[in-house]
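> Let me begin by handing over the structure; questions about it come next.
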Amino acid sequence: MAKSSSNRILVTPSAYARKHYLYVQEAGTLQSLEPHVSRRQNLNSFLLFVVLEGEGILFYNGIRHNISAGDCVWIDCTKPYFHESSAEHPWSLKWVHFNGTEAGNFYDAFLSRGNSYLFHPRSILPFTETLDQLYLCHQNKTSLMELSSNKLITDIITLCFTENESLKQGEYSIPIKLQEIHTYLMENYHRKITLEDLSSRFFISKFHLSREYKKIYGTTILNDLTYQRISHAKSMLRFSDDSIDTIALSCGFQDSGYFIKVFKKAESMTPLEYRKKW
């Protein structure tokens, strides 16, 4: 007797898609008819699935999770995992296995923001609709199938990020002190600012500050400050005749040599090259 009923599409991406796109490996739906274990490891893939109804378990990262209708899971399949439907309440799923040169970077960025590979979004409808479009995209095999697929996988990844951010904001608001620190950085980017200065000014441990700031704003204080300085420098390069030395000092860089080095790393061109291009 069959343990499950499923519809799936297996995809062999082109060499171009493997090199340049996020691409589907498999996609489909699953209706479990009785408990059975799906077990994988060392699979060069990322799996995202949504539980439409029913419940079951997921074992991943050495942890056993109970999951049920409305839950979303996004995991790295190079790590051992298994999932199993409940006997009492068999589940139905929509899922996609995907990969791509940037897939791992997206996943690492997702987890680095304090997000969980198992989450319960406000609604699974945006996920299921996008998964349906992805399935139909490969079923219909249009000339732009791989480009469309790349876009739809990106949409799903974006949903994972935005839904988790919404869940966090629902749990707590940004602490007032972190808001004050962020505002201070944006208004005083032209000054010399260190973690020690911020710790003393706002009466907060610099270690706690570093950890919480990245958790809330998704980047370190130093990076945020640097991006702010570069953005103001770009404005001055485009809309003023000020020298590189003047711009560097006005934007909080210690000297023009350091400014040029940081600017080139961020923009892949020198400040003067940027000024000429724009």
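Every chain in the structure tokens has a letter given in the order shown (A, B, ...), and although residue numbers restart at 1 in each chain, ligands are simply numbered from 1 in the order shown.
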Please list as a PyMOL selection string every residue within 7 Å of segment 97-112 of chain A, counting only C-alpha atoms and excluding residues in the same chain fewer than 6 positions away.
chain A and resi 18-27+45-48+161
> I need the residues of segment 172-236 of chain A that end up classed as alpha helix (DSSP H) by DSSP on the backbone, written out as a PyMOL selection string.
chain A and resi 176-187+195-202+206-217+221-236
> Give me the residues near Lys79 of chain A as a VMD selection string, where near means some atom within 12 Å (using only C-alpha atoms) and where sequence neighbours in that chain fewer than 6 positions away do not count.
chain A and resid 39 to 47 59 to 62
> Neighbours of Arg211 of chain A within 12 Å (only C-alpha atoms; same-chain residues fewer than 6 positions away dropped), as an MDAnalysis selection string?
chainID A and resid 112:114 178 195 204:205 217:221
> Quote the spacing between atom CA of Val37 of chain A and atom CA of Glu84 of chain A in Å to one decimal place.
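Here the two named atoms are 4.6 Å from each other.
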> Using Å and a single decimal, report how far atom CA of Leu198 of chain A sits from atom CA of Phe259 of chain A.
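Result for atom CA of Phe259 of chain A versus atom CA of Leu198 of chain A: 22.4 Å, one decimal.
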> Return the single residue from A:Thr246, A:Thr12, A:Ser235, A:Ser148 that is closest to Trp278 of chain A, with distances computed using only C-alpha atoms.
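Residue with the minimum atom-to-atom distance to Trp278 of chain A: A:Ser235.
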